[in-house]
$ cat data.cif   # mmCIF, C-alpha atoms
data_final
#
loop_
_atom_site.group_PDB
_atom_site.id
_atom_site.type_symbol
_atom_site.label_atom_id
_atom_site.label_comp_id
_atom_site.auth_asym_id
_atom_site.auth_seq_id
_atom_site.Cartn_x
_atom_site.Cartn_y
_atom_site.Cartn_z
ATOM 1 C CA MET A 1 -4.035 4.427 -13.630
ATOM 2 C CA SER A 2 -4.314 1.469 -11.251
ATOM 3 C CA ARG A 3 -5.218 1.623 -7.586
ATOM 4 C CA GLU A 4 -1.631 0.485 -6.873
ATOM 5 C CA ASP A 5 -0.448 3.649 -8.615
ATOM 6 C CA ASP A 6 -2.920 5.776 -6.622
ATOM 7 C CA PHE A 7 -1.595 4.421 -3.342
ATOM 8 C CA LYS A 8 2.038 4.766 -4.401
ATOM 9 C CA ALA A 9 1.493 8.373 -5.507
ATOM 10 C CA ARG A 10 0.010 9.350 -2.137
ATOM 11 C CA MET A 11 2.823 7.558 -0.323
ATOM 12 C CA VAL A 12 5.718 9.121 -2.256
ATOM 13 C CA ASP A 13 4.117 12.571 -2.011
ATOM 14 C CA ASP A 14 4.496 12.370 1.786
ATOM 15 C CA VAL A 15 8.056 13.697 1.779
ATOM 16 C CA THR A 16 7.951 16.715 4.075
ATOM 17 C CA GLY A 17 4.724 15.942 5.875
ATOM 18 C CA SER A 18 1.221 16.915 4.978
ATOM 19 C CA PRO A 19 -0.585 20.040 6.136
ATOM 20 C CA VAL A 20 -3.652 17.814 6.468
ATOM 21 C CA ILE A 21 -1.732 15.351 8.676
ATOM 22 C CA PRO A 22 0.666 17.606 10.592
ATOM 23 C CA THR A 23 1.841 15.020 13.129
ATOM 24 C CA GLY A 24 4.136 12.103 12.573
ATOM 25 C CA THR A 25 7.241 11.475 10.544
ATOM 26 C CA PRO A 26 6.747 11.862 6.791
ATOM 27 C CA LEU A 27 6.546 8.428 5.214
ATOM 28 C CA MET A 28 9.415 8.859 2.769
ATOM 29 C CA THR A 29 11.725 9.879 5.612
ATOM 30 C CA THR A 30 11.153 6.366 6.959
ATOM 31 C CA LEU A 31 10.955 4.398 3.703
ATOM 32 C CA THR A 32 14.399 5.338 2.403
ATOM 33 C CA GLY A 33 14.417 2.345 0.039
ATOM 34 C CA GLY A 34 11.348 3.611 -1.797
ATOM 35 C CA VAL A 35 7.857 2.471 -2.713
ATOM 36 C CA PHE A 36 7.234 -0.043 -5.479
ATOM 37 C CA THR A 37 4.145 -1.532 -7.093
ATOM 38 C CA ARG A 38 3.709 -5.111 -8.119
ATOM 39 C CA ALA A 39 3.340 -3.910 -11.696
ATOM 40 C CA GLU A 40 6.846 -2.389 -11.478
ATOM 41 C CA VAL A 41 8.715 -5.274 -9.874
ATOM 42 C CA GLY A 42 6.809 -8.270 -11.231
ATOM 43 C CA ARG A 43 5.860 -11.481 -9.504
ATOM 44 C CA GLU A 44 9.224 -11.939 -7.767
ATOM 45 C CA GLY A 45 8.621 -8.741 -5.807
ATOM 46 C CA ILE A 46 11.431 -6.606 -4.448
ATOM 47 C CA THR A 47 14.760 -8.030 -5.582
ATOM 48 C CA ARG A 48 18.139 -6.499 -6.322
ATOM 49 C CA ALA A 49 17.425 -6.849 -10.043
ATOM 50 C CA ALA A 50 13.904 -5.372 -9.991
ATOM 51 C CA ALA A 51 14.334 -2.695 -7.296
ATOM 52 C CA ALA A 52 18.002 -1.762 -6.914
ATOM 53 C CA ALA A 53 17.120 1.438 -4.997
ATOM 54 C CA ALA A 54 15.762 -0.699 -2.140
ATOM 55 C CA PHE A 55 19.283 -1.865 -1.273
ATOM 56 C CA ASP A 56 22.249 0.054 0.128
ATOM 57 C CA THR A 57 25.773 -0.075 -1.287
ATOM 58 C CA ASN A 58 26.571 -3.102 0.905
ATOM 59 C CA GLY A 59 23.538 -4.989 -0.414
ATOM 60 C CA PHE A 60 21.425 -4.620 2.721
ATOM 61 C CA LEU A 61 17.710 -3.955 2.354
ATOM 62 C CA LYS A 62 16.620 -0.416 3.231
ATOM 63 C CA PRO A 63 13.140 0.198 4.681
ATOM 64 C CA CYS A 64 10.760 0.055 1.720
ATOM 65 C CA ALA A 65 7.213 -0.778 0.642
ATOM 66 C CA LEU A 66 5.482 -2.875 -1.993
ATOM 67 C CA VAL A 67 1.904 -2.024 -3.009
ATOM 68 C CA LYS A 68 -0.262 -4.807 -4.447
ATOM 69 C CA GLN A 69 -3.891 -4.644 -5.457
ATOM 70 C CA ARG A 70 -6.290 -7.547 -5.294
ATOM 71 C CA GLY A 71 -9.082 -8.034 -7.805
ATOM 72 C CA LEU A 72 -12.055 -5.712 -8.070
ATOM 73 C CA VAL A 73 -15.055 -7.438 -6.433
ATOM 74 C CA PRO A 74 -18.675 -6.424 -7.111
ATOM 75 C CA ASP A 75 -20.524 -5.972 -3.825
ATOM 76 C CA ASN A 76 -24.065 -5.352 -5.172
ATOM 77 C CA ALA A 77 -24.656 -2.491 -2.750
ATOM 78 C CA ILE A 78 -25.408 -0.348 -5.790
ATOM 79 C CA LYS A 79 -26.341 -1.757 -9.169
ATOM 80 C CA ASP A 80 -28.335 -0.597 -12.128
ATOM 81 C CA GLU A 81 -28.413 -2.888 -15.121
ATOM 82 C CA GLU A 82 -30.008 -0.215 -17.301
ATOM 83 C CA THR A 83 -27.200 2.321 -16.865
ATOM 84 C CA GLN A 84 -24.469 -0.335 -16.363
ATOM 85 C CA VAL A 85 -23.409 1.014 -12.953
ATOM 86 C CA ALA A 86 -22.279 -1.235 -10.105
ATOM 87 C CA SER A 87 -20.478 -0.783 -6.813
ATOM 88 C CA SER A 88 -17.340 -2.705 -5.971
ATOM 89 C CA THR A 89 -14.621 -3.142 -3.403
ATOM 90 C CA GLN A 90 -10.906 -3.666 -3.787
ATOM 91 C CA VAL A 91 -8.302 -4.544 -1.176
ATOM 92 C CA ILE A 92 -4.902 -2.911 -1.450
ATOM 93 C CA GLU A 93 -2.062 -4.619 0.393
ATOM 94 C CA VAL A 94 0.928 -2.544 1.497
ATOM 95 C CA TYR A 95 3.919 -4.690 2.408
ATOM 96 C CA LEU A 96 6.638 -3.068 4.483
ATOM 97 C CA TYR A 97 10.167 -4.444 4.693
ATOM 98 C CA GLU A 98 13.425 -3.670 6.427
ATOM 99 C CA ASP A 99 16.575 -5.706 6.807
ATOM 100 C CA ARG A 100 16.328 -6.218 10.583
ATOM 101 C CA GLY A 101 14.136 -5.023 13.402
ATOM 102 C CA TYR A 102 10.775 -3.299 13.326
ATOM 103 C CA THR A 103 11.474 0.319 14.278
ATOM 104 C CA ASN A 104 10.989 1.713 10.772
ATOM 105 C CA LEU A 105 8.075 -0.611 10.074
ATOM 106 C CA ASP A 106 6.274 0.571 13.214
ATOM 107 C CA ALA A 107 6.709 4.217 12.184
ATOM 108 C CA ALA A 108 5.568 3.479 8.625
ATOM 109 C CA ILE A 109 2.471 1.610 9.867
ATOM 110 C CA ARG A 110 1.367 4.594 11.940
ATOM 111 C CA ARG A 111 1.945 6.987 9.060
ATOM 112 C CA LEU A 112 0.179 4.808 6.485
ATOM 113 C CA VAL A 113 -2.944 4.558 8.633
ATOM 114 C CA ALA A 114 -2.861 8.348 9.068
ATOM 115 C CA LEU A 115 -2.450 8.850 5.301
ATOM 116 C CA PHE A 116 -5.176 6.475 4.150
ATOM 117 C CA LEU A 117 -7.809 5.933 6.843
ATOM 118 C CA GLY A 118 -10.798 7.967 5.661
ATOM 119 C CA TYR A 119 -8.957 9.361 2.631
ATOM 120 C CA ARG A 120 -11.057 9.738 -0.528
ATOM 121 C CA PHE A 121 -9.535 9.271 -3.930
ATOM 122 C CA ASN A 122 -11.366 11.338 -6.542
ATOM 123 C CA ASP A 123 -13.323 8.210 -7.563
ATOM 124 C CA SER A 124 -13.833 6.454 -4.232
ATOM 125 C CA PHE A 125 -15.581 6.469 -0.910
ATOM 126 C CA PRO A 126 -13.414 6.886 2.217
ATOM 127 C CA VAL A 127 -10.649 4.274 2.416
ATOM 128 C CA GLU A 128 -11.041 1.745 5.220
ATOM 129 C CA TRP A 129 -8.242 0.045 7.127
ATOM 130 C CA THR A 130 -9.064 -3.664 7.317
ATOM 131 C CA GLY A 131 -6.026 -5.447 8.689
ATOM 132 C CA LEU A 132 -2.468 -5.540 9.947
ATOM 133 C CA ILE A 133 -0.003 -8.388 10.034
ATOM 134 C CA ASP A 134 3.252 -7.407 11.703
ATOM 135 C CA ARG A 135 6.327 -8.782 13.404
ATOM 136 C CA GLU A 136 6.798 -11.284 10.577
ATOM 137 C CA GLN A 137 9.787 -12.366 8.548
ATOM 138 C CA GLU A 138 9.773 -12.588 4.773
ATOM 139 C CA ALA A 139 10.269 -16.168 3.602
ATOM 140 C CA GLY A 140 11.026 -15.524 -0.085
ATOM 141 C CA ALA A 141 13.631 -13.597 -2.020
ATOM 142 C CA LEU A 142 14.324 -11.150 0.822
ATOM 143 C CA ASP A 143 15.589 -14.018 2.976
ATOM 144 C CA GLY A 144 14.272 -13.298 6.458
ATOM 145 C CA ALA A 145 13.800 -9.534 6.238
ATOM 146 C CA SER A 146 11.403 -7.981 8.741
ATOM 147 C CA LEU A 147 7.889 -7.739 7.319
ATOM 148 C CA ALA A 148 4.554 -6.084 8.029
ATOM 149 C CA ARG A 149 1.427 -5.867 5.863
ATOM 150 C CA LEU A 150 -1.470 -3.434 6.012
ATOM 151 C CA ASP A 151 -4.713 -4.022 4.136
ATOM 152 C CA PHE A 152 -6.944 -1.181 3.008
ATOM 153 C CA LEU A 153 -10.396 -1.443 1.426
ATOM 154 C CA VAL A 154 -11.450 0.937 -1.333
ATOM 155 C CA ARG A 155 -15.135 1.157 -2.302
ATOM 156 C CA THR A 156 -16.077 2.595 -5.685
ATOM 157 C CA VAL A 157 -18.974 2.817 -8.105
ATOM 158 C CA GLU A 158 -17.940 1.556 -11.528
ATOM 159 C CA ASP A 159 -19.617 2.930 -14.649
ATOM 160 C CA PHE A 160 -19.505 0.390 -17.472
ATOM 161 C CA GLY A 161 -22.038 2.232 -19.662
#
$ encode --input "data.cif" --output "structure tokens"
Amino acid sequence: MSREDDFKARMVDDVTGSPVIPTGTPLMTTLTGGVFTRAEVGREGITRAAAAAAFDTNGFLKPCALVKQRGLVPDNAIKDEETQVASSTQVIEVYLYEDRGYTNLDAAIRRLVALFLGYRFNDSFPVEWTGLIDREQEAGALDGASLARLDFLVRTVEDFG
């Protein structure tokens, strides 16, 4: 399973709210167009062909998310050549889109930070929030849709032995 899949799973599981995070609107109440990974939609990203569920019956983009992982980067904080163990970091980018405006994006940003900041996957240290780009417009296939991007950092210890 990829880290993209890990993030997507946590996001789509937030349907009715979490007992651990009792406040805020559940993420999937906001992201009615769904959550997609780069592996699912390919290099073109969210398009009508690759992610039909992200569009309403009139062809307008519903609020949705795209999860993309960057490469795994060794950080040398922990390394042991003898046992083939090394620590690494990986940035996960969560792109948020909606046809117009930023109301749903703002709500999704708040919920995503609540879901991931300090969260530990079963093979990671606490997730760190490392950046936010918002109030943008998508310049590619989504033709001017509202856009925000959150970056999260995941630290792990890889065992190659």
$ closest_residue --input "data.cif" --among "A:Thr103, A:Thr57, A:Ser124, A:Gln137" --to "Leu31 of chain A" --atoms "only C-alpha atoms"
A:Thr103
$ resolve_selection --input "data.cif" --expression "the PyMOL selection byres ((chain A and resi 53) around 7)" --output "list in words"
Gly33, Gly34, Ala51, Ala52, Ala54 and Phe55 of chain A
$ residues_near_point --input "data.cif" --point "(4.0, -3.0, 13.0)" --cutoff "7 Å" --atoms "all atoms listed in the file" --output "list in words"
Tyr102, Leu105, Asp106, Ile109, Asp134, Arg135 and Ala148 of chain A
$ write_last_selection --input "data.cif" --atoms "C-alpha atoms" --output "PDB file, in the coordinates of the input"
ATOM      1  CA  TYR A 102      10.775  -3.299  13.326  1.00  0.00           C
ATOM      2  CA  LEU A 105       8.075  -0.611  10.074  1.00  0.00           C
ATOM      3  CA  ASP A 106       6.274   0.571  13.214  1.00  0.00           C
ATOM      4  CA  ILE A 109       2.471   1.610   9.867  1.00  0.00           C
ATOM      5  CA  ASP A 134       3.252  -7.407  11.703  1.00  0.00           C
ATOM      6  CA  ARG A 135       6.327  -8.782  13.404  1.00  0.00           C
ATOM      7  CA  ALA A 148       4.554  -6.084   8.029  1.00  0.00           C
TER       8      ALA A 148
END
$ resolve_selection --input "data.cif" --expression "the PyMOL selection byres ((chain A and resi 112) around 12)" --output "ChimeraX atom specification"
/A:7-8,10-12,14,21,24-28,30-31,65,67,93-96,105-111,113-119,127-129,132,148-152
$ resolve_selection --input "data.cif" --expression "the PyMOL selection byres ((chain A and resi 4) around 10)" --output "number ranges by chain"
A: 1-3, 5-9, 36-39, 66-70, 92-94
$ atom_distance --input "data.cif" --atom1 "atom CA of Glu98 of chain A" --atom2 "atom CA of Asp13 of chain A"
20.5 Å
$ closest_residue --input "data.cif" --among "A:Val154, A:Glu138, A:Asp99, A:Asp143" --to "Phe125 of chain A" --atoms "only C-alpha atoms"
A:Val154
$ closest_residue --input "data.cif" --among "A:Val91, A:Leu147, A:Gly161, A:Gly101" --to "Gly71 of chain A" --atoms "only C-alpha atoms"
A:Val91
$ closest_residue --input "data.cif" --among "A:Leu61, A:Thr29, A:Gln84, A:Asp159" --to "Gly144 of chain A" --atoms "all atoms listed in the file"
A:Leu61
$ residues_around --input "data.cif" --residues "Glu158 of chain A" --least-positions-apart "3" --cutoff "8 Å" --atoms "all atoms listed in the file" --output "MDAnalysis selection string"
chainID A and resid 85:88
$ closest_residue --input "data.cif" --among "A:Gln90, A:Asn122, A:Asn76, A:Thr32" --to "Cys64 of chain A" --atoms "all atoms listed in the file"
A:Thr32
